[in-house]
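Text of the file query00.pdb, holding PDB, C-alpha atoms, pLDDT in the B column:
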```pdb
ATOM      1  CA  MET A   1       0.000   0.000   0.000  1.00 54.00           C
ATOM      2  CA  PHE A   2       1.251   3.437  -0.876  1.00 58.00           C
ATOM      3  CA  ARG A   3       1.183   6.132   1.786  1.00 59.00           C
ATOM      4  CA  PRO A   4       0.878   9.583   0.184  1.00 55.00           C
ATOM      5  CA  THR A   5       2.080  11.212   3.407  1.00 56.00           C
ATOM      6  CA  ASN A   6       5.557   9.775   3.151  1.00 59.00           C
ATOM      7  CA  LEU A   7       7.928  12.520   2.015  1.00 56.00           C
ATOM      8  CA  SER A   8      10.426  10.124   0.484  1.00 58.00           C
ATOM      9  CA  ASN A   9       7.830   9.406  -2.149  1.00 71.00           C
ATOM     10  CA  GLN A  10       8.149  12.875  -3.657  1.00 74.00           C
ATOM     11  CA  LYS A  11       9.533  11.431  -6.862  1.00 75.00           C
ATOM     12  CA  PHE A  12       6.608   9.104  -7.178  1.00 77.00           C
ATOM     13  CA  LEU A  13       4.094  11.915  -6.674  1.00 77.00           C
ATOM     14  CA  ASP A  14       5.881  14.024  -9.274  1.00 79.00           C
ATOM     15  CA  ALA A  15       5.577  11.196 -11.758  1.00 79.00           C
ATOM     16  CA  PHE A  16       1.955  10.747 -10.835  1.00 81.00           C
ATOM     17  CA  LEU A  17       1.174  14.406 -11.349  1.00 81.00           C
ATOM     18  CA  ALA A  18       3.026  14.471 -14.619  1.00 81.00           C
ATOM     19  CA  GLN A  19      -0.050  12.842 -16.091  1.00 80.00           C
ATOM     20  CA  GLU A  20      -2.462  15.598 -16.935  1.00 78.00           C
ATOM     21  CA  ASP A  21      -5.724  14.031 -15.875  1.00 80.00           C
ATOM     22  CA  ASN A  22      -4.223  13.140 -12.514  1.00 81.00           C
ATOM     23  CA  GLN A  23      -3.085  16.705 -12.007  1.00 80.00           C
ATOM     24  CA  GLN A  24      -6.501  18.121 -12.871  1.00 80.00           C
ATOM     25  CA  LEU A  25      -8.174  15.763 -10.450  1.00 79.00           C
ATOM     26  CA  CYS A  26      -5.703  16.702  -7.751  1.00 77.00           C
ATOM     27  CA  GLN A  27      -6.236  20.412  -8.281  1.00 78.00           C
ATOM     28  CA  ARG A  28      -9.974  19.994  -8.075  1.00 77.00           C
ATOM     29  CA  VAL A  29      -9.621  18.180  -4.755  1.00 77.00           C
ATOM     30  CA  ILE A  30      -7.373  20.894  -3.374  1.00 75.00           C
ATOM     31  CA  ALA A  31      -9.573  23.718  -4.658  1.00 76.00           C
ATOM     32  CA  SER A  32     -12.645  22.375  -2.947  1.00 72.00           C
ATOM     33  CA  PRO A  33     -11.750  20.410   0.174  1.00 65.00           C
ATOM     34  CA  ASP A  34     -15.347  20.469   1.321  1.00 67.00           C
ATOM     35  CA  ASP A  35     -16.397  18.552  -1.734  1.00 62.00           C
ATOM     36  CA  THR A  36     -17.940  15.148  -1.460  1.00 67.00           C
ATOM     37  CA  GLN A  37     -15.901  12.188  -0.340  1.00 73.00           C
ATOM     38  CA  LYS A  38     -16.340  10.698  -3.800  1.00 73.00           C
ATOM     39  CA  ARG A  39     -13.681  12.755  -5.535  1.00 73.00           C
ATOM     40  CA  ASN A  40     -11.253  12.206  -2.707  1.00 75.00           C
ATOM     41  CA  ASP A  41     -11.684   8.487  -3.035  1.00 79.00           C
ATOM     42  CA  GLU A  42     -11.160   8.668  -6.751  1.00 79.00           C
ATOM     43  CA  LEU A  43      -7.848  10.451  -6.321  1.00 78.00           C
ATOM     44  CA  ASN A  44      -6.774   7.947  -3.722  1.00 80.00           C
ATOM     45  CA  SER A  45      -7.641   4.945  -5.839  1.00 82.00           C
ATOM     46  CA  ARG A  46      -5.837   6.439  -8.805  1.00 82.00           C
ATOM     47  CA  ILE A  47      -2.710   6.880  -6.728  1.00 82.00           C
ATOM     48  CA  GLN A  48      -2.911   3.295  -5.537  1.00 82.00           C
ATOM     49  CA  GLU A  49      -3.381   2.108  -9.085  1.00 83.00           C
ATOM     50  CA  PHE A  50      -0.426   4.129 -10.302  1.00 84.00           C
ATOM     51  CA  TYR A  51       1.679   2.754  -7.471  1.00 84.00           C
ATOM     52  CA  ALA A  52       0.764  -0.850  -8.238  1.00 85.00           C
ATOM     53  CA  GLU A  53       1.569  -0.264 -11.886  1.00 85.00           C
ATOM     54  CA  LEU A  54       4.988   1.130 -11.029  1.00 85.00           C
ATOM     55  CA  GLN A  55       5.705  -1.765  -8.692  1.00 85.00           C
ATOM     56  CA  LEU A  56       4.897  -4.216 -11.441  1.00 88.00           C
ATOM     57  CA  ILE A  57       7.136  -2.430 -13.949  1.00 89.00           C
ATOM     58  CA  LYS A  58       9.933  -2.364 -11.422  1.00 88.00           C
ATOM     59  CA  TYR A  59       9.468  -6.039 -10.652  1.00 89.00           C
ATOM     60  CA  ILE A  60       9.651  -7.162 -14.291  1.00 90.00           C
ATOM     61  CA  SER A  61      12.528  -4.776 -15.049  1.00 90.00           C
ATOM     62  CA  SER A  62      14.657  -6.166 -12.248  1.00 90.00           C
ATOM     63  CA  LEU A  63      13.723  -9.667 -13.284  1.00 90.00           C
ATOM     64  CA  ILE A  64      15.042  -8.981 -16.784  1.00 89.00           C
ATOM     65  CA  ARG A  65      18.188  -7.295 -15.549  1.00 88.00           C
ATOM     66  CA  PHE A  66      19.100  -9.899 -12.962  1.00 89.00           C
ATOM     67  CA  THR A  67      18.355 -12.801 -15.277  1.00 88.00           C
ATOM     68  CA  ALA A  68      20.717 -11.300 -17.856  1.00 87.00           C
ATOM     69  CA  ILE A  69      23.436 -10.764 -15.250  1.00 87.00           C
ATOM     70  CA  GLU A  70      22.978 -14.190 -13.697  1.00 87.00           C
ATOM     71  CA  LEU A  71      23.185 -16.032 -17.009  1.00 86.00           C
ATOM     72  CA  ALA A  72      26.096 -13.934 -18.282  1.00 85.00           C
ATOM     73  CA  VAL A  73      28.060 -14.699 -15.125  1.00 84.00           C
ATOM     74  CA  ARG A  74      27.156 -18.363 -15.350  1.00 84.00           C
ATOM     75  CA  THR A  75      28.392 -18.731 -18.930  1.00 81.00           C
ATOM     76  CA  GLN A  76      31.578 -16.907 -17.970  1.00 78.00           C
ATOM     77  CA  LYS A  77      32.112 -19.340 -15.100  1.00 77.00           C
ATOM     78  CA  ILE A  78      31.595 -22.337 -17.361  1.00 76.00           C
ATOM     79  CA  GLY A  79      34.193 -20.909 -19.728  1.00 71.00           C
ATOM     80  CA  LYS A  80      36.645 -20.586 -16.850  1.00 70.00           C
ATOM     81  CA  VAL A  81      36.011 -24.093 -15.555  1.00 66.00           C
ATOM     82  CA  PHE A  82      36.892 -25.625 -18.898  1.00 61.00           C
ATOM     83  CA  GLN A  83      39.990 -23.550 -19.457  1.00 61.00           C
ATOM     84  CA  PRO A  84      42.349 -25.256 -16.974  1.00 58.00           C
ATOM     85  CA  THR A  85      41.617 -28.625 -18.600  1.00 62.00           C
ATOM     86  CA  ASP A  86      42.667 -27.168 -21.928  1.00 63.00           C
ATOM     87  CA  GLU A  87      45.793 -25.828 -20.313  1.00 64.00           C
ATOM     88  CA  ILE A  88      46.724 -29.217 -18.883  1.00 65.00           C
ATOM     89  CA  GLU A  89      46.158 -30.896 -22.215  1.00 68.00           C
ATOM     90  CA  ARG A  90      48.319 -28.323 -23.914  1.00 67.00           C
ATOM     91  CA  VAL A  91      51.135 -28.954 -21.430  1.00 68.00           C
ATOM     92  CA  ILE A  92      50.891 -32.713 -21.925  1.00 67.00           C
ATOM     93  CA  ASP A  93      50.795 -32.242 -25.686  1.00 67.00           C
ATOM     94  CA  SER A  94      53.960 -30.185 -25.569  1.00 67.00           C
ATOM     95  CA  PHE A  95      55.702 -32.932 -23.575  1.00 64.00           C
ATOM     96  CA  VAL A  96      54.576 -35.579 -25.995  1.00 63.00           C
ATOM     97  CA  SER A  97      55.436 -33.763 -29.182  1.00 56.00           C
ATOM     98  CA  ASP A  98      58.792 -32.395 -28.051  1.00 52.00           C
ATOM     99  CA  THR A  99      60.363 -35.787 -27.401  1.00 49.00           C
ATOM    100  CA  GLY A 100      62.531 -35.660 -30.471  1.00 48.00           C
ATOM    101  CA  LYS A 101      62.670 -36.678 -34.045  1.00 46.00           C
ATOM    102  CA  SER A 102      63.717 -40.323 -33.689  1.00 45.00           C
ATOM    103  CA  GLU A 103      60.635 -41.268 -31.756  1.00 46.00           C
ATOM    104  CA  TRP A 104      58.014 -39.979 -34.162  1.00 49.00           C
ATOM    105  CA  GLU A 105      59.963 -41.351 -37.086  1.00 49.00           C
ATOM    106  CA  ASN A 106      59.720 -44.854 -35.714  1.00 49.00           C
ATOM    107  CA  LYS A 107      56.149 -44.595 -34.586  1.00 55.00           C
ATOM    108  CA  ALA A 108      54.595 -43.371 -37.776  1.00 56.00           C
ATOM    109  CA  LYS A 109      54.213 -46.187 -40.227  1.00 72.00           C
ATOM    110  CA  TRP A 110      52.354 -45.834 -43.489  1.00 76.00           C
ATOM    111  CA  GLU A 111      51.655 -49.561 -43.586  1.00 75.00           C
ATOM    112  CA  ASP A 112      49.612 -49.255 -40.389  1.00 74.00           C
ATOM    113  CA  VAL A 113      47.215 -46.668 -41.703  1.00 75.00           C
ATOM    114  CA  ILE A 114      46.952 -47.359 -45.427  1.00 78.00           C
ATOM    115  CA  ALA A 115      45.176 -50.581 -46.329  1.00 78.00           C
ATOM    116  CA  ASP A 116      45.100 -49.963 -50.069  1.00 81.00           C
ATOM    117  CA  LYS A 117      48.225 -51.401 -51.675  1.00 83.00           C
ATOM    118  CA  ARG A 118      48.081 -48.964 -54.566  1.00 84.00           C
ATOM    119  CA  VAL A 119      48.090 -45.918 -52.281  1.00 84.00           C
ATOM    120  CA  LEU A 120      50.923 -47.373 -50.260  1.00 84.00           C
ATOM    121  CA  ASP A 121      53.001 -47.927 -53.401  1.00 85.00           C
ATOM    122  CA  ALA A 122      52.283 -44.380 -54.500  1.00 85.00           C
ATOM    123  CA  VAL A 123      53.492 -43.060 -51.158  1.00 85.00           C
ATOM    124  CA  GLN A 124      56.722 -45.034 -51.499  1.00 84.00           C
ATOM    125  CA  THR A 125      57.500 -43.262 -54.792  1.00 86.00           C
ATOM    126  CA  LEU A 126      57.593 -39.870 -53.064  1.00 87.00           C
ATOM    127  CA  THR A 127      60.873 -38.355 -52.031  1.00 88.00           C
ATOM    128  CA  GLU A 128      62.119 -38.757 -48.489  1.00 87.00           C
ATOM    129  CA  LYS A 129      61.306 -35.141 -47.678  1.00 87.00           C
ATOM    130  CA  GLU A 130      57.755 -35.342 -48.988  1.00 89.00           C
ATOM    131  CA  ARG A 131      57.051 -38.567 -47.102  1.00 87.00           C
ATOM    132  CA  GLU A 132      58.389 -37.038 -43.919  1.00 86.00           C
ATOM    133  CA  ILE A 133      56.145 -34.003 -44.158  1.00 87.00           C
ATOM    134  CA  LEU A 134      53.040 -36.017 -45.017  1.00 86.00           C
ATOM    135  CA  ALA A 135      53.790 -38.287 -42.069  1.00 84.00           C
ATOM    136  CA  LEU A 136      53.986 -35.340 -39.711  1.00 84.00           C
ATOM    137  CA  LEU A 137      50.842 -33.731 -41.059  1.00 85.00           C
ATOM    138  CA  TYR A 138      48.593 -36.749 -41.464  1.00 83.00           C
ATOM    139  CA  LEU A 139      49.967 -39.549 -39.307  1.00 81.00           C
ATOM    140  CA  ARG A 140      50.754 -37.326 -36.358  1.00 80.00           C
ATOM    141  CA  ASN A 141      48.087 -34.729 -37.090  1.00 79.00           C
ATOM    142  CA  LEU A 142      50.455 -31.820 -36.584  1.00 82.00           C
ATOM    143  CA  LYS A 143      49.778 -28.357 -37.883  1.00 84.00           C
ATOM    144  CA  GLU A 144      51.940 -27.050 -40.708  1.00 86.00           C
ATOM    145  CA  VAL A 145      53.598 -24.613 -38.337  1.00 84.00           C
ATOM    146  CA  GLU A 146      54.441 -27.359 -35.840  1.00 84.00           C
ATOM    147  CA  ALA A 147      55.852 -29.611 -38.544  1.00 84.00           C
ATOM    148  CA  ALA A 148      57.927 -26.708 -39.811  1.00 86.00           C
ATOM    149  CA  THR A 149      59.410 -26.120 -36.343  1.00 83.00           C
ATOM    150  CA  LEU A 150      60.301 -29.792 -35.999  1.00 83.00           C
ATOM    151  CA  LEU A 151      61.988 -29.835 -39.395  1.00 84.00           C
ATOM    152  CA  GLY A 152      63.592 -26.454 -38.942  1.00 84.00           C
ATOM    153  CA  THR A 153      61.942 -24.907 -41.999  1.00 86.00           C
ATOM    154  CA  SER A 154      59.167 -22.407 -42.571  1.00 88.00           C
ATOM    155  CA  GLN A 155      55.460 -23.137 -42.615  1.00 88.00           C
ATOM    156  CA  GLN A 156      55.300 -21.970 -46.237  1.00 90.00           C
ATOM    157  CA  ALA A 157      57.929 -24.491 -47.287  1.00 90.00           C
ATOM    158  CA  VAL A 158      56.025 -27.279 -45.546  1.00 90.00           C
ATOM    159  CA  SER A 159      52.816 -26.211 -47.238  1.00 91.00           C
ATOM    160  CA  LYS A 160      54.493 -26.141 -50.637  1.00 92.00           C
ATOM    161  CA  THR A 161      56.016 -29.605 -50.217  1.00 91.00           C
ATOM    162  CA  LYS A 162      52.705 -30.973 -48.972  1.00 91.00           C
ATOM    163  CA  LYS A 163      50.869 -29.620 -52.017  1.00 91.00           C
ATOM    164  CA  ARG A 164      53.431 -31.066 -54.379  1.00 92.00           C
ATOM    165  CA  ALA A 165      53.345 -34.468 -52.647  1.00 91.00           C
ATOM    166  CA  LEU A 166      49.541 -34.632 -52.724  1.00 90.00           C
ATOM    167  CA  LEU A 167      49.538 -33.642 -56.369  1.00 90.00           C
ATOM    168  CA  LYS A 168      52.013 -36.435 -57.142  1.00 89.00           C
ATOM    169  CA  LEU A 169      49.900 -38.956 -55.279  1.00 88.00           C
ATOM    170  CA  ARG A 170      46.743 -37.842 -57.048  1.00 88.00           C
ATOM    171  CA  LYS A 171      48.386 -37.990 -60.468  1.00 88.00           C
ATOM    172  CA  GLN A 172      49.780 -41.428 -59.796  1.00 86.00           C
ATOM    173  CA  LEU A 173      46.520 -42.877 -58.502  1.00 85.00           C
ATOM    174  CA  LEU A 174      44.425 -41.398 -61.300  1.00 85.00           C
ATOM    175  CA  GLY A 175      46.975 -42.481 -63.883  1.00 78.00           C
ATOM    176  CA  GLY A 176      46.909 -46.009 -62.488  1.00 63.00           C
ATOM    177  CA  GLU A 177      43.149 -46.119 -62.930  1.00 59.00           C
ATOM    178  CA  ASN A 178      43.336 -45.148 -66.595  1.00 55.00           C
ATOM    179  CA  THR A 179      45.670 -47.923 -67.572  1.00 48.00           C
TER     180      THR A 179
ATOM    181  CA  MET B 180      -3.810  -0.016 -21.541  1.00 78.00           C
ATOM    182  CA  SER B 181      -2.132  -0.318 -18.181  1.00 82.00           C
ATOM    183  CA  LEU B 182       0.368  -3.050 -17.544  1.00 85.00           C
ATOM    184  CA  LEU B 183      -1.688  -4.384 -14.677  1.00 85.00           C
ATOM    185  CA  THR B 184      -4.675  -4.926 -16.927  1.00 86.00           C
ATOM    186  CA  LEU B 185      -2.440  -6.677 -19.414  1.00 88.00           C
ATOM    187  CA  VAL B 186      -1.038  -8.922 -16.697  1.00 88.00           C
ATOM    188  CA  LYS B 187      -4.531  -9.815 -15.526  1.00 87.00           C
ATOM    189  CA  ARG B 188      -5.556 -10.647 -19.067  1.00 88.00           C
ATOM    190  CA  ALA B 189      -2.402 -12.681 -19.616  1.00 88.00           C
ATOM    191  CA  GLN B 190      -3.177 -14.642 -16.475  1.00 87.00           C
ATOM    192  CA  ASN B 191      -6.493 -15.536 -18.071  1.00 88.00           C
ATOM    193  CA  ASN B 192      -4.558 -17.110 -20.947  1.00 87.00           C
ATOM    194  CA  ASP B 193      -4.858 -14.111 -23.259  1.00 87.00           C
ATOM    195  CA  GLU B 194      -1.871 -14.696 -25.500  1.00 88.00           C
ATOM    196  CA  SER B 195      -1.982 -11.319 -27.244  1.00 90.00           C
ATOM    197  CA  ALA B 196      -1.760  -9.629 -23.854  1.00 90.00           C
ATOM    198  CA  MET B 197       1.348 -11.646 -23.026  1.00 90.00           C
ATOM    199  CA  VAL B 198       2.915 -10.721 -26.347  1.00 91.00           C
ATOM    200  CA  GLU B 199       2.131  -7.059 -25.688  1.00 90.00           C
ATOM    201  CA  ILE B 200       3.806  -7.230 -22.276  1.00 90.00           C
ATOM    202  CA  ILE B 201       6.957  -8.776 -23.734  1.00 90.00           C
ATOM    203  CA  GLU B 202       7.029  -6.219 -26.524  1.00 91.00           C
ATOM    204  CA  ARG B 203       6.712  -3.385 -24.047  1.00 91.00           C
ATOM    205  CA  PHE B 204       9.778  -4.615 -22.188  1.00 91.00           C
ATOM    206  CA  GLU B 205      11.753  -5.258 -25.359  1.00 91.00           C
ATOM    207  CA  PRO B 206      13.960  -2.118 -24.967  1.00 91.00           C
ATOM    208  CA  LYS B 207      14.792  -3.151 -21.415  1.00 90.00           C
ATOM    209  CA  ILE B 208      15.689  -6.668 -22.544  1.00 90.00           C
ATOM    210  CA  ARG B 209      17.898  -5.341 -25.321  1.00 89.00           C
ATOM    211  CA  LYS B 210      19.667  -2.992 -22.947  1.00 89.00           C
ATOM    212  CA  SER B 211      20.291  -5.746 -20.424  1.00 87.00           C
ATOM    213  CA  LEU B 212      21.737  -7.984 -23.144  1.00 88.00           C
ATOM    214  CA  LYS B 213      24.210  -5.348 -24.292  1.00 85.00           C
ATOM    215  CA  PHE B 214      27.043  -6.475 -22.054  1.00 79.00           C
ATOM    216  CA  THR B 215      26.596 -10.215 -22.600  1.00 81.00           C
ATOM    217  CA  ASP B 216      28.526 -12.382 -25.045  1.00 79.00           C
ATOM    218  CA  ILE B 217      27.088 -12.360 -28.538  1.00 82.00           C
ATOM    219  CA  GLY B 218      27.386 -16.134 -28.709  1.00 81.00           C
ATOM    220  CA  VAL B 219      25.037 -16.741 -25.803  1.00 84.00           C
ATOM    221  CA  ARG B 220      22.855 -13.656 -26.217  1.00 87.00           C
ATOM    222  CA  GLU B 221      20.008 -15.478 -27.915  1.00 88.00           C
ATOM    223  CA  ASP B 222      19.976 -18.164 -25.212  1.00 88.00           C
ATOM    224  CA  ILE B 223      19.837 -15.544 -22.492  1.00 89.00           C
ATOM    225  CA  ARG B 224      17.046 -13.701 -24.280  1.00 90.00           C
ATOM    226  CA  GLN B 225      15.010 -16.914 -24.409  1.00 91.00           C
ATOM    227  CA  GLU B 226      15.556 -17.517 -20.725  1.00 90.00           C
ATOM    228  CA  ILE B 227      14.562 -13.944 -19.878  1.00 91.00           C
ATOM    229  CA  VAL B 228      11.324 -14.192 -21.843  1.00 92.00           C
ATOM    230  CA  PHE B 229      10.628 -17.571 -20.292  1.00 92.00           C
ATOM    231  CA  ARG B 230      11.084 -16.203 -16.783  1.00 91.00           C
ATOM    232  CA  MET B 231       8.983 -13.144 -17.630  1.00 90.00           C
ATOM    233  CA  ILE B 232       6.091 -15.341 -18.700  1.00 90.00           C
ATOM    234  CA  ARG B 233       6.411 -17.363 -15.526  1.00 90.00           C
ATOM    235  CA  ALA B 234       6.554 -14.195 -13.408  1.00 89.00           C
ATOM    236  CA  VAL B 235       3.531 -12.654 -15.113  1.00 88.00           C
ATOM    237  CA  LYS B 236       1.533 -15.849 -14.680  1.00 88.00           C
ATOM    238  CA  THR B 237       2.284 -16.044 -10.975  1.00 88.00           C
ATOM    239  CA  TYR B 238       2.172 -12.321 -10.188  1.00 85.00           C
ATOM    240  CA  SER B 239      -0.238 -11.631  -7.376  1.00 80.00           C
ATOM    241  CA  THR B 240      -2.655  -8.864  -8.342  1.00 73.00           C
ATOM    242  CA  LYS B 241      -4.746  -9.328  -5.200  1.00 67.00           C
ATOM    243  CA  ASN B 242      -3.329  -6.449  -3.179  1.00 57.00           C
ATOM    244  CA  CYS B 243      -3.583  -4.167  -6.169  1.00 51.00           C
ATOM    245  CA  LEU B 244      -6.796  -2.456  -7.091  1.00 46.00           C
TER     246      LEU B 244
END
```

As structure tokens, what does this structure read like?
Amino acid sequence: MFRPTNLSNQKFLDAFLAQEDNQQLCQRVIASPDDTQKRNDELNSRIQEFYAELQLIKYISSLIRFTAIELAVRTQKIGKVFQPTDEIERVIDSFVSDTGKSEWENKAKWEDVIADKRVLDAVQTLTEKEREILALLYLRNLKEVEAATLLGTSQQAVSKTKKRALLKLRKQLLGGENT
Amino acid sequence: MSLLTLVKRAQNNDESAMVEIIERFEPKIRKSLKFTDIGVREDIRQEIVFRMIRAVKTYSTKNCL
């Protein structure tokens, strides 16, 4: 319930009187205090109505605002929770991939991944360098940049060699089909 | 039409009243979403509207006139 006597509600009364019909009604009440109770009641009920309306607006507004804040914070938290896991994986990855050239050379075997004899033969016809790069990129799933660091060359050089090797393979396999 | 009337009508399953309420608060929703991530903005908007509907449905209009 709104109490019109409370001075802290000055702002509310200002807003109430900003509406013209409310102001007119108010002035009429003030101009003739001896008037019937009816008009007084009308003013009072209008104020109560206005107050209830404002309360409702305020309620829904805060609901919107706090829901937005709550959910934004929650998604941020979820993002943070997952990050450390990524970090750990990255650290482990760096341990695994930095163990030296000899290890990955031995591990990656074309025979293990290629079932098709024709493809395997085609791979064998590539140069040593091309095979090495394809092995890094596709058997070990490294990025071009990472392969380049391991081989001590640039990413562009790796990319170029990869393209040439794939082109060779494609030519060879397609040519084999035609004959 | 006053918001209270709209809420009362929405509580009586008047869908157009509910839509009108949500539309009236659209600027407020947009403003509140400004600082959120674009990727999750649409999800948050859905949740806000969902909670608004729930709040309107359960809002007690008894102590209002």

Which residues, written as a PyMOL selection string, have at least one atom at most 9 Å from stretch 57-72 of chain A, with all atoms listed in the file counted and residues fewer than 4 positions away on the same chain left out? (chain A and resi 52-53+76-77) or (chain B and resi 182+204+207-208+210-212+214-216+219-220+223-224+226-228+230-231+234-235)

Which residue is closest to chain B? Choose from A:Ala18, A:Ala122, A:Ile30, A:Val73 and count only C-alpha atoms. A:Val73

For a test of reading the model, state the distance in Å between atom CA of A:Ala31 and atom CA of A:Asn44, rounded to one decimal.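 Separation between atom CA of A:Ala31 and atom CA of A:Asn44: 16.0 Å.
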
Quick one: distance from atom CA of B:Val198 to atom CA of A:Ser45 in Å, one decimal?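 It comes out at 27.9 Å.
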
Atom CA of B:Arg209 to atom CA of A:Thr75: how many Å, to one decimal? 18.2 Å

What do you get, as an NGL selection string, if you spell out every residue that the PyMOL selection byres ((chain B and resi 183-186) around 7) selects here? (:A and (53)) or (:B and (180-182 or 187-190 or 196 or 200 or 235))

Can you tell me, as a PyMOL selection string, what residues are no more than 10 Å from A:Leu137 when counting only C-alpha atoms, ignoring any on the same chain fewer than 4 positions away? chain A and resi 131-133+141-147+158-159+162
